[in-house]
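Below is start_20.cif, holding mmCIF, C-alpha atoms.
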```cif
data_target
#
loop_
_atom_site.label_atom_id
_atom_site.label_comp_id
_atom_site.auth_asym_id
_atom_site.auth_seq_id
_atom_site.Cartn_x
_atom_site.Cartn_y
_atom_site.Cartn_z
CA MET A 1 -5.14 20.36 15.72
CA THR A 2 -5.62 18.22 18.81
CA LYS A 3 -3.56 15.11 19.37
CA ASN A 4 -6.48 12.78 18.73
CA GLN A 5 -7.92 14.43 15.65
CA TRP A 6 -7.05 13.44 12.11
CA VAL A 7 -6.19 16.39 9.92
CA LYS A 8 -6.11 16.16 6.12
CA ASP A 9 -3.76 18.31 4.09
CA ASP A 10 -2.07 18.59 0.70
CA PHE A 11 1.62 19.05 -0.02
CA GLU A 12 1.91 21.03 -3.25
CA ALA A 13 5.16 19.85 -4.83
CA GLY A 14 5.12 21.77 -8.10
CA ASP A 15 6.40 20.04 -11.23
CA LEU A 16 7.75 16.64 -10.20
CA PRO A 17 10.44 14.90 -12.27
CA LEU A 18 9.67 11.17 -12.54
CA SER A 19 11.96 8.17 -12.89
CA SER A 20 10.48 7.55 -16.36
CA GLY A 21 11.92 10.85 -17.56
CA GLU A 22 8.50 12.49 -17.68
CA THR A 23 7.38 15.31 -15.39
CA LEU A 24 4.16 15.26 -13.38
CA ARG A 25 2.94 18.83 -13.51
CA SER A 26 1.65 20.55 -10.36
CA ALA A 27 2.07 17.38 -8.30
CA CYS A 28 0.06 17.13 -5.09
CA LEU A 29 0.62 14.68 -2.23
CA HIS A 30 -2.46 14.26 -0.05
CA TYR A 31 -1.83 13.11 3.52
CA HIS A 32 -3.54 12.60 6.87
CA GLN A 33 -1.87 13.46 10.17
CA ILE A 34 -2.65 12.80 13.81
CA GLY A 35 -0.45 13.73 16.77
CA HIS A 36 2.36 16.26 16.95
CA LEU A 37 6.03 16.15 16.05
CA ASN A 38 8.18 16.45 19.16
CA ALA A 39 11.13 18.81 19.61
CA PRO A 40 13.83 16.25 18.73
CA LYS A 41 11.79 15.39 15.62
CA ASP A 42 12.19 11.66 16.26
CA ASN A 43 8.60 10.49 16.82
CA LEU A 44 7.31 10.45 13.24
CA ILE A 45 5.57 7.30 11.93
CA LEU A 46 4.75 6.94 8.24
CA LEU A 47 1.98 4.64 6.98
CA PRO A 48 1.93 4.59 3.14
CA THR A 49 -1.33 3.47 1.54
CA TYR A 50 -2.19 0.19 -0.20
CA TYR A 51 -3.72 -0.69 -3.58
CA GLY A 52 -7.29 0.51 -3.92
CA GLY A 53 -7.19 2.13 -0.50
CA ALA A 54 -7.61 5.69 0.71
CA ALA A 55 -5.56 7.13 3.57
CA GLY A 56 -8.37 6.45 6.02
CA GLY A 57 -7.95 2.72 5.41
CA ASN A 58 -4.92 2.74 7.71
CA TYR A 59 -6.76 4.32 10.64
CA PRO A 60 -7.42 0.99 12.45
CA TRP A 61 -3.69 0.67 13.18
CA VAL A 62 -3.69 3.96 15.11
CA GLY A 63 -5.21 4.89 18.46
CA PRO A 64 -4.70 5.33 22.20
CA ASP A 65 -4.76 1.56 22.77
CA SER A 66 -2.30 0.90 19.93
CA PRO A 67 1.49 1.16 19.96
CA LEU A 68 0.88 3.76 17.24
CA ASN A 69 -0.49 6.09 19.88
CA PRO A 70 -1.02 9.69 18.72
CA ASP A 71 -0.38 10.90 22.27
CA LYS A 72 3.20 9.74 21.76
CA TYR A 73 3.77 9.73 18.00
CA CYS A 74 3.08 11.97 15.04
CA VAL A 75 1.46 9.59 12.55
CA VAL A 76 1.29 10.55 8.88
CA ILE A 77 -0.49 8.62 6.11
CA PRO A 78 0.63 9.71 2.62
CA SER A 79 -1.66 8.67 -0.24
CA MET A 80 -0.09 7.01 -3.27
CA LEU A 81 0.15 8.92 -6.49
CA GLY A 82 -2.52 7.70 -8.90
CA ALA A 83 -4.92 6.36 -6.29
CA GLY A 84 -7.38 9.22 -6.32
CA GLU A 85 -6.42 11.44 -3.37
CA SER A 86 -2.96 12.62 -4.40
CA SER A 87 -2.34 13.57 -8.05
CA SER A 88 -4.14 10.93 -10.13
CA PRO A 89 -5.68 10.33 -13.53
CA SER A 90 -9.09 11.29 -12.14
CA ASN A 91 -8.10 14.65 -10.68
CA THR A 92 -5.28 15.87 -12.94
CA PRO A 93 -6.45 18.43 -15.49
CA GLY A 94 -5.36 19.00 -19.03
CA SER A 95 -3.02 16.86 -21.09
CA GLN A 96 -2.09 14.52 -18.19
CA SER A 97 -5.63 13.57 -17.24
CA GLY A 98 -7.17 10.14 -17.55
CA SER A 99 -5.19 7.58 -19.53
CA CYS A 100 -2.52 10.21 -20.30
CA PHE A 101 -1.40 10.29 -16.67
CA PRO A 102 2.34 9.50 -16.56
CA ALA A 103 3.74 6.23 -15.22
CA ILE A 104 4.60 6.38 -11.50
CA SER A 105 7.12 4.15 -9.73
CA LEU A 106 7.62 3.15 -6.10
CA TYR A 107 10.68 5.39 -6.20
CA ASP A 108 8.61 8.37 -7.38
CA ASN A 109 6.17 7.88 -4.51
CA VAL A 110 8.86 7.61 -1.86
CA MET A 111 10.93 10.50 -3.16
CA LEU A 112 7.84 12.72 -2.99
CA GLN A 113 7.12 11.46 0.53
CA LYS A 114 10.74 12.23 1.40
CA ARG A 115 10.13 15.83 0.33
CA LEU A 116 7.06 15.92 2.57
CA VAL A 117 9.08 14.69 5.54
CA ASP A 118 11.94 17.10 4.88
CA GLU A 119 9.95 20.22 3.96
CA VAL A 120 6.89 19.89 6.20
CA PHE A 121 8.27 17.86 9.10
CA GLY A 122 11.76 19.35 9.20
CA GLY A 123 13.66 16.28 8.07
CA ALA A 124 12.34 14.25 10.99
CA SER A 125 13.73 10.85 11.91
CA LEU A 126 11.21 8.10 11.14
CA ALA A 127 10.59 5.91 14.16
CA LEU A 128 8.71 3.45 11.92
CA VAL A 129 7.60 3.11 8.32
CA MET A 130 4.81 0.55 8.17
CA GLY A 131 2.53 -0.65 5.41
CA TRP A 132 0.43 -3.44 3.96
CA SER A 133 0.73 -4.72 0.39
CA MET A 134 1.83 -1.78 -1.80
CA GLY A 135 2.16 0.22 1.43
CA GLY A 136 4.68 -2.36 2.57
CA MET A 137 6.55 -2.12 -0.72
CA GLN A 138 6.85 1.62 -0.14
CA ALA A 139 8.05 0.99 3.41
CA LEU A 140 10.80 -1.27 2.07
CA GLN A 141 11.69 1.36 -0.53
CA TRP A 142 12.06 3.90 2.26
CA GLY A 143 14.28 1.58 4.27
CA CYS A 144 16.75 0.75 1.54
CA LEU A 145 17.01 4.32 0.24
CA PHE A 146 17.24 6.11 3.58
CA PRO A 147 18.68 3.76 6.22
CA ASP A 148 20.06 6.71 8.22
CA GLN A 149 16.62 8.32 8.52
CA VAL A 150 14.44 5.22 9.03
CA ARG A 151 14.82 3.51 12.41
CA SER A 152 12.51 0.54 11.74
CA VAL A 153 10.31 -1.00 9.04
CA LEU A 154 7.23 -3.22 9.27
CA ALA A 155 5.98 -4.67 5.99
CA THR A 156 2.91 -6.93 5.88
CA CYS A 157 1.92 -9.13 2.93
CA CYS A 158 4.43 -7.73 0.46
CA THR A 159 7.82 -8.25 -1.12
CA GLY A 160 10.49 -5.88 -2.37
CA ARG A 161 9.45 -6.43 -5.98
CA CYS A 162 6.52 -7.79 -7.94
CA TYR A 163 7.47 -11.40 -8.61
CA PRO A 164 6.44 -13.11 -11.89
CA HIS A 165 3.29 -14.90 -10.71
CA ASN A 166 2.14 -11.71 -9.00
CA GLN A 167 2.54 -9.93 -12.35
CA VAL A 168 0.42 -12.60 -14.07
CA PHE A 169 -2.35 -12.20 -11.48
CA LEU A 170 -2.38 -8.46 -12.21
CA GLU A 171 -2.58 -9.11 -15.94
CA GLY A 172 -5.78 -11.05 -15.29
CA VAL A 173 -7.61 -8.35 -13.34
CA LYS A 174 -6.37 -5.72 -15.80
CA ALA A 175 -7.79 -7.75 -18.72
CA ALA A 176 -11.14 -8.07 -16.94
CA LEU A 177 -11.40 -4.29 -16.71
CA THR A 178 -10.03 -3.24 -20.08
CA CYS A 179 -12.08 -5.70 -22.14
CA ASP A 180 -15.22 -3.67 -21.39
CA GLN A 181 -16.08 -2.04 -24.75
CA PHE A 182 -16.90 1.20 -22.92
CA TYR A 183 -13.39 1.43 -21.47
CA GLN A 184 -12.23 2.84 -24.84
CA ASP A 185 -8.51 2.70 -24.03
CA GLY A 186 -9.10 4.91 -21.01
CA HIS A 187 -11.01 7.63 -22.87
CA TYR A 188 -14.40 6.65 -21.45
CA GLN A 189 -17.14 9.22 -20.99
CA LEU A 190 -19.00 7.08 -18.47
CA PRO A 191 -17.44 4.56 -16.07
CA PRO A 192 -16.88 1.13 -17.67
CA ALA A 193 -19.25 -0.51 -15.19
CA ARG A 194 -19.06 -4.07 -16.54
CA GLY A 195 -15.28 -3.98 -16.49
CA LEU A 196 -15.21 -2.58 -12.94
CA ARG A 197 -17.60 -5.28 -11.73
CA ALA A 198 -15.52 -7.98 -13.43
CA PHE A 199 -12.35 -6.54 -11.93
CA GLY A 200 -13.86 -6.75 -8.44
CA ARG A 201 -15.14 -10.31 -8.87
CA VAL A 202 -11.84 -11.61 -10.23
CA TYR A 203 -9.84 -9.80 -7.56
CA ALA A 204 -11.94 -11.27 -4.72
CA GLY A 205 -10.84 -14.77 -5.69
CA TRP A 206 -7.21 -13.75 -5.23
CA ALA A 207 -7.48 -11.51 -2.17
CA TYR A 208 -8.59 -14.34 0.11
CA SER A 209 -7.42 -17.95 0.27
CA GLN A 210 -9.01 -21.26 -0.64
CA ALA A 211 -9.41 -21.99 3.07
CA PHE A 212 -11.19 -18.65 3.60
CA PHE A 213 -13.97 -19.82 1.30
CA ARG A 214 -13.85 -23.48 2.37
CA HIS A 215 -14.36 -22.54 6.05
CA GLU A 216 -16.84 -19.75 5.26
CA HIS A 217 -14.90 -16.98 6.95
CA TRP A 218 -16.93 -14.54 4.85
CA ARG A 219 -19.66 -15.02 7.45
CA GLU A 220 -17.39 -13.24 9.94
CA LEU A 221 -17.65 -10.17 7.69
CA GLY A 222 -21.44 -10.23 7.88
CA PHE A 223 -22.14 -11.77 4.47
CA GLN A 224 -24.81 -14.42 4.04
CA SER A 225 -23.27 -16.02 0.97
CA ILE A 226 -20.27 -15.92 -1.33
CA GLU A 227 -22.45 -14.08 -3.83
CA ASP A 228 -23.04 -11.34 -1.25
CA LEU A 229 -19.29 -10.98 -0.82
CA LEU A 230 -18.76 -10.80 -4.58
CA GLN A 231 -21.44 -8.15 -4.94
CA PHE A 232 -19.72 -6.13 -2.23
CA TRP A 233 -16.49 -6.28 -4.24
CA GLU A 234 -18.41 -5.21 -7.33
CA GLN A 235 -19.89 -2.19 -5.56
CA ASP A 236 -16.55 -1.22 -4.05
CA HIS A 237 -14.91 -1.15 -7.48
CA LEU A 238 -17.82 0.65 -9.10
CA GLY A 239 -16.90 3.50 -6.76
CA GLN A 240 -13.35 3.68 -8.09
CA ASP A 241 -12.00 5.27 -11.23
CA ALA A 242 -10.78 2.78 -13.85
CA ASN A 243 -7.76 4.84 -14.92
CA ASN A 244 -6.74 5.27 -11.26
CA LEU A 245 -6.92 1.51 -10.74
CA LEU A 246 -4.77 0.88 -13.80
CA ALA A 247 -2.25 3.60 -12.99
CA VAL A 248 -1.53 2.18 -9.55
CA LEU A 249 -1.66 -1.37 -10.91
CA ASN A 250 1.18 -0.39 -13.22
CA THR A 251 3.15 1.01 -10.27
CA TRP A 252 2.64 -2.33 -8.50
CA GLN A 253 3.37 -4.49 -11.53
CA GLN A 254 6.62 -2.64 -12.23
CA GLY A 255 7.44 -2.38 -8.53
CA ASP A 256 11.06 -3.12 -7.60
CA ILE A 257 12.91 -1.37 -4.78
CA SER A 258 16.15 -1.59 -6.78
CA ASN A 259 14.73 0.10 -9.89
CA ASN A 260 16.17 3.55 -9.20
CA PRO A 261 19.41 5.54 -9.57
CA THR A 262 20.68 4.41 -6.17
CA PHE A 263 20.69 0.65 -6.87
CA GLN A 264 20.40 0.60 -10.68
CA GLY A 265 18.55 -2.72 -10.73
CA ASN A 266 20.77 -4.54 -8.21
CA TYR A 267 18.03 -6.16 -6.16
CA GLN A 268 20.40 -7.93 -3.76
CA ALA A 269 22.13 -4.61 -3.00
CA ALA A 270 18.78 -2.98 -2.24
CA LEU A 271 17.84 -5.78 0.15
CA ALA A 272 21.28 -5.64 1.78
CA ALA A 273 20.75 -1.94 2.53
CA MET A 274 17.90 -2.84 4.90
CA THR A 275 20.11 -2.74 7.99
CA MET A 276 17.56 -1.29 10.41
CA PRO A 277 15.26 -3.57 12.47
CA THR A 278 12.73 -4.82 9.93
CA ARG A 279 9.79 -7.19 10.27
CA MET A 280 8.47 -9.02 7.23
CA MET A 281 5.00 -10.38 7.98
CA PRO A 282 3.49 -12.31 5.05
CA SER A 283 0.30 -14.33 5.32
CA ALA A 284 0.77 -18.09 5.14
CA THR A 285 -2.08 -18.25 2.60
CA ASP A 286 -1.36 -15.16 0.48
CA LEU A 287 -1.76 -16.19 -3.16
CA TYR A 288 0.38 -13.49 -4.78
CA PHE A 289 2.72 -11.90 -2.20
CA THR A 290 3.69 -15.37 -1.06
CA ALA A 291 5.32 -16.25 2.24
CA GLU A 292 8.07 -18.03 0.30
CA ASP A 293 8.97 -14.91 -1.70
CA ALA A 294 8.80 -12.70 1.40
CA GLY A 295 11.04 -15.14 3.26
CA ASN A 296 13.60 -15.12 0.48
CA ASP A 297 13.66 -11.32 0.64
CA ALA A 298 13.91 -11.24 4.42
CA ARG A 299 16.92 -13.58 4.46
CA GLN A 300 18.84 -11.04 2.38
CA MET A 301 18.02 -8.10 4.69
CA PRO A 302 20.58 -7.81 7.51
CA GLY A 303 18.08 -6.28 9.92
CA ALA A 304 15.03 -8.38 9.05
CA ARG A 305 13.07 -11.01 10.88
CA LEU A 306 10.36 -13.07 9.20
CA GLU A 307 7.10 -13.65 11.06
CA VAL A 308 4.48 -15.48 9.02
CA LEU A 309 0.86 -14.72 9.88
CA PRO A 310 -0.85 -18.14 10.30
CA SER A 311 -4.09 -16.89 8.78
CA GLU A 312 -6.65 -18.35 6.39
CA TRP A 313 -7.58 -14.86 5.21
CA GLY A 314 -5.01 -14.79 2.42
CA HIS A 315 -3.61 -11.42 1.41
CA VAL A 316 -6.29 -9.58 3.36
CA ALA A 317 -4.81 -10.76 6.68
CA GLY A 318 -2.16 -8.04 6.64
CA GLY A 319 -4.52 -5.09 6.29
CA ALA A 320 -5.29 -2.65 9.08
CA GLY A 321 -8.18 -3.99 11.14
CA ARG A 322 -9.09 -6.67 8.61
CA GLU A 323 -8.65 -9.83 10.68
CA SER A 324 -8.38 -9.64 14.47
CA GLN A 325 -5.76 -12.31 15.16
CA SER A 326 -3.42 -10.93 12.50
CA GLN A 327 -4.06 -7.37 13.69
CA THR A 328 -2.94 -8.37 17.19
CA LYS A 329 0.27 -9.92 15.87
CA ILE A 330 1.01 -6.95 13.59
CA LEU A 331 0.56 -4.41 16.36
CA ALA A 332 2.68 -6.51 18.74
CA ALA A 333 5.46 -6.43 16.14
CA ALA A 334 5.05 -2.66 15.82
CA ALA A 335 5.32 -2.28 19.61
CA GLU A 336 8.50 -4.33 19.65
CA LEU A 337 10.07 -2.30 16.86
CA LEU A 338 9.12 1.02 18.45
CA SER A 339 10.48 -0.04 21.85
CA ALA A 340 13.87 -1.08 20.49
CA PRO A 341 16.68 1.26 21.58
CA ALA A 342 18.01 3.58 18.89
CA SER A 343 21.26 2.32 17.39
#
```
For the file at hand, write its structure as structure tokens.
Amino acid sequence: MTKNQWVKDDFEAGDLPLSSGETLRSACLHYHQIGHLNAPKDNLILLPTYYGGAAGGNYPWVGPDSPLNPDKYCVVIPSMLGAGESSSPSNTPGSQSGSCFPAISLYDNVMLQKRLVDEVFGGASLALVMGWSMGGMQALQWGCLFPDQVRSVLATCCTGRCYPHNQVFLEGVKAALTCDQFYQDGHYQLPPARGLRAFGRVYAGWAYSQAFFRHEHWRELGFQSIEDLLQFWEQDHLGQDANNLLAVLNTWQQGDISNNPTFQGNYQAALAAMTMPTRMMPSATDLYFTAEDAGNDARQMPGARLEVLPSEWGHVAGGAGRESQSQTKILAAAAELLSAPAS
């Protein structure tokens, strides 16, 4: 492996006990890596994935001109359980396939990633855990569970739990998918195409902001009309597995960094454990991970600073390479966190 070449690998974890009490059999964590771990094992950066995204979706944050430079850092992107690359409804055989795939929590994802770091990367110190949306939720879960191993956290367009209105939004897109008669409670023989298209169309209205559509920012993405954008969202979701989408949606909807044996539901205690330098970067126009909720979380994290992205791109602003002005601010925050002296 050269420093500037992405390598894809699988961590075979065996039977994985889950926070629900179930066991995920023959669990597999898929991950991408670029760069090498140094001798002190203190240059590891972790970039957990976001909803609907594959590991490659985080590539635009990484490169020789980025603070996440693979000449200096070992960058690892672990794929969420349920999303299609790691163990998921679509690739798990036997009695746990499809709609029978067990419920996965943020805690389950991070504890499996912790095993990856400890068993494959020798218990390395994490210079930065950084993520967007559900990736950011995982980054916050890392920070509160392992403050002695995580030196800094950068979380864009997320909060430490799924707040009530966010849950209602997810109920809407879930209903759009599952009302397709061919969904058959997850036991479909062919993809529920109408439900997947509806899911994509409904989601598009939430992913961006009112101002994004009012000021026709979709033109900056190369679309000629709003209908073109909506058809793109349809096609993107037609390429995804319905049970995968719903499995990870459940992880998101139930997401709470305090819902684990360490904090036992004490959300304030989980936030208070975030003592390392942390940057919370919500979008000013995010419709479901709101800047207000992110700010309330940040004020309860001893090491956190809130920096709102003044973007009209809604939730999408925080994604890797999605919107140039936000990308510049996010990478500047990453550079600042990585340059801070170790405490």
Please identify all polymer residues within 7 Å of segment 125-137 of chain A, counting all atoms listed in the file, omitting same-chain residues fewer than 3 positions from it, and present them as a short mmCIF file (atom, residue, chain, number, x, y, z; two decimals) with C-alpha atoms, in the frame of the given file.
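Saved result, result.cif, follows:
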```cif
data_model
loop_
_atom_site.label_atom_id
_atom_site.label_comp_id
_atom_site.auth_asym_id
_atom_site.auth_seq_id
_atom_site.Cartn_x
_atom_site.Cartn_y
_atom_site.Cartn_z
CA LYS A 41 11.79 15.39 15.62
CA ASP A 42 12.19 11.66 16.26
CA ASN A 43 8.60 10.49 16.82
CA LEU A 44 7.31 10.45 13.24
CA ILE A 45 5.57 7.30 11.93
CA LEU A 46 4.75 6.94 8.24
CA LEU A 47 1.98 4.64 6.98
CA PRO A 48 1.93 4.59 3.14
CA THR A 49 -1.33 3.47 1.54
CA TYR A 50 -2.19 0.19 -0.20
CA TYR A 51 -3.72 -0.69 -3.58
CA LEU A 140 10.80 -1.27 2.07
CA GLN A 141 11.69 1.36 -0.53
CA GLN A 149 16.62 8.32 8.52
CA VAL A 150 14.44 5.22 9.03
CA ARG A 151 14.82 3.51 12.41
CA SER A 152 12.51 0.54 11.74
CA VAL A 153 10.31 -1.00 9.04
CA LEU A 154 7.23 -3.22 9.27
CA ALA A 155 5.98 -4.67 5.99
CA THR A 156 2.91 -6.93 5.88
CA CYS A 157 1.92 -9.13 2.93
CA CYS A 158 4.43 -7.73 0.46
CA THR A 159 7.82 -8.25 -1.12
CA GLY A 160 10.49 -5.88 -2.37
CA TRP A 252 2.64 -2.33 -8.50
CA GLY A 318 -2.16 -8.04 6.64
CA GLY A 319 -4.52 -5.09 6.29
CA LEU A 338 9.12 1.02 18.45
#
```
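Remark: for Ser326 of chain A, the closest of the candidate residues A:Ala139, A:Trp61, A:Ala211, A:Leu221 is A:Trp61 (distances computed over all atoms listed in the file).
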Explicit residue set for the PyMOL selection byres ((chain A and resi 18-27) around 12), as a PyMOL selection string: chain A and resi 10-17+28-30+80-82+85-89+91-97+100-113+115+251+254+259-262+264
Distance query Tyr59 of chain A at most 12 Å, all atoms listed in the file, self and fewer than 6 positions along chain excluded, as a list in words: Asn4, Gln5, Trp6, His32, Gln33, Ile34, Leu47, Pro48, Thr49, Gly53, Ser66, Leu68, Asn69, Pro70, Val75, Val76, Ile77, Gly131, Gly319, Ala320, Gly321 and Arg322 of chain A
9 Å contact set for Asn244 of chain A, only C-alpha atoms, chain neighbours under 4 positions out, as a list in words: Gly52, Gly82, Ala83, Gly84, Ser88, Pro89, Ser90, Gly98, Ser99, Gln240, Val248 and Leu249 of chain A
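Here atom CA of Arg197 of chain A and atom CA of Glu171 of chain A stand 16.1 Å from one another.
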Between atom CA of Pro310 of chain A and atom CA of Pro282 of chain A, distance in Å (one decimal): 9.0 Å
Coordinates-based distance that separates atom CA of Ala242 of chain A from atom CA of Cys179 of chain A (Å, one decimal):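 These atoms are spaced 11.9 Å apart.
Nearest to Tyr203 of chain A of all the residues A:Glu234, A:Asp65, A:Glu227, A:Glu216 is A:Glu234, counting only C-alpha atoms.
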Top pick for closest residue to Cys144 of chain A, considering A:Phe263, A:Tyr73, A:Trp313, A:Tyr31 and counting all atoms listed in the file: A:Phe263
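Counting only C-alpha atoms, the residue from A:Leu271, A:Leu337, A:Leu306, A:Ile330 that sits nearest to Pro147 of chain A is A:Leu271.
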Nearest candidate to Thr178 of chain A (options A:Asn58, A:Gln300, A:Ser283, A:Asn243; using all atoms listed in the file):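 With all atoms listed in the file as the atom set, the closest residue is A:Asn243.
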Using all atoms listed in the file: which of A:Val173, A:Leu196, A:Ala204, A:Met276 has the shortest distance to His237 of chain A: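 Once distances to His237 of chain A are computed over all atoms listed in the file, the minimum belongs to A:Leu196.
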Listed atoms of segment 110-119 of chain A boxed axis-aligned with 8 Å per side, centre + edges as JSON:
```
{"center_x": 9.5, "center_y": 13.9, "center_z": 1.2, "size_x": 20.9, "size_y": 28.6, "size_z": 24.7}
```
Could you list, as an mmCIF file with C-alpha atoms, keeping the file's coordinate frame, every residue matched by the PyMOL selection byres ((chain A and resi 290) around 10) in this structure?
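After the write, expr.cif holds the following:
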```cif
data_model
loop_
_atom_site.group_PDB
_atom_site.id
_atom_site.type_symbol
_atom_site.label_atom_id
_atom_site.label_comp_id
_atom_site.auth_asym_id
_atom_site.auth_seq_id
_atom_site.Cartn_x
_atom_site.Cartn_y
_atom_site.Cartn_z
ATOM 1 C CA CYS A 157 1.920 -9.130 2.930
ATOM 2 C CA CYS A 158 4.430 -7.730 0.460
ATOM 3 C CA THR A 159 7.820 -8.250 -1.120
ATOM 4 C CA TYR A 163 7.470 -11.400 -8.610
ATOM 5 C CA HIS A 165 3.290 -14.900 -10.710
ATOM 6 C CA ASN A 166 2.140 -11.710 -9.000
ATOM 7 C CA PRO A 282 3.490 -12.310 5.050
ATOM 8 C CA SER A 283 0.300 -14.330 5.320
ATOM 9 C CA ALA A 284 0.770 -18.090 5.140
ATOM 10 C CA THR A 285 -2.080 -18.250 2.600
ATOM 11 C CA ASP A 286 -1.360 -15.160 0.480
ATOM 12 C CA LEU A 287 -1.760 -16.190 -3.160
ATOM 13 C CA TYR A 288 0.380 -13.490 -4.780
ATOM 14 C CA PHE A 289 2.720 -11.900 -2.200
ATOM 15 C CA ALA A 291 5.320 -16.250 2.240
ATOM 16 C CA GLU A 292 8.070 -18.030 0.300
ATOM 17 C CA ASP A 293 8.970 -14.910 -1.700
ATOM 18 C CA ALA A 294 8.800 -12.700 1.400
ATOM 19 C CA GLY A 295 11.040 -15.140 3.260
ATOM 20 C CA GLY A 314 -5.010 -14.790 2.420
ATOM 21 C CA HIS A 315 -3.610 -11.420 1.410
#
```
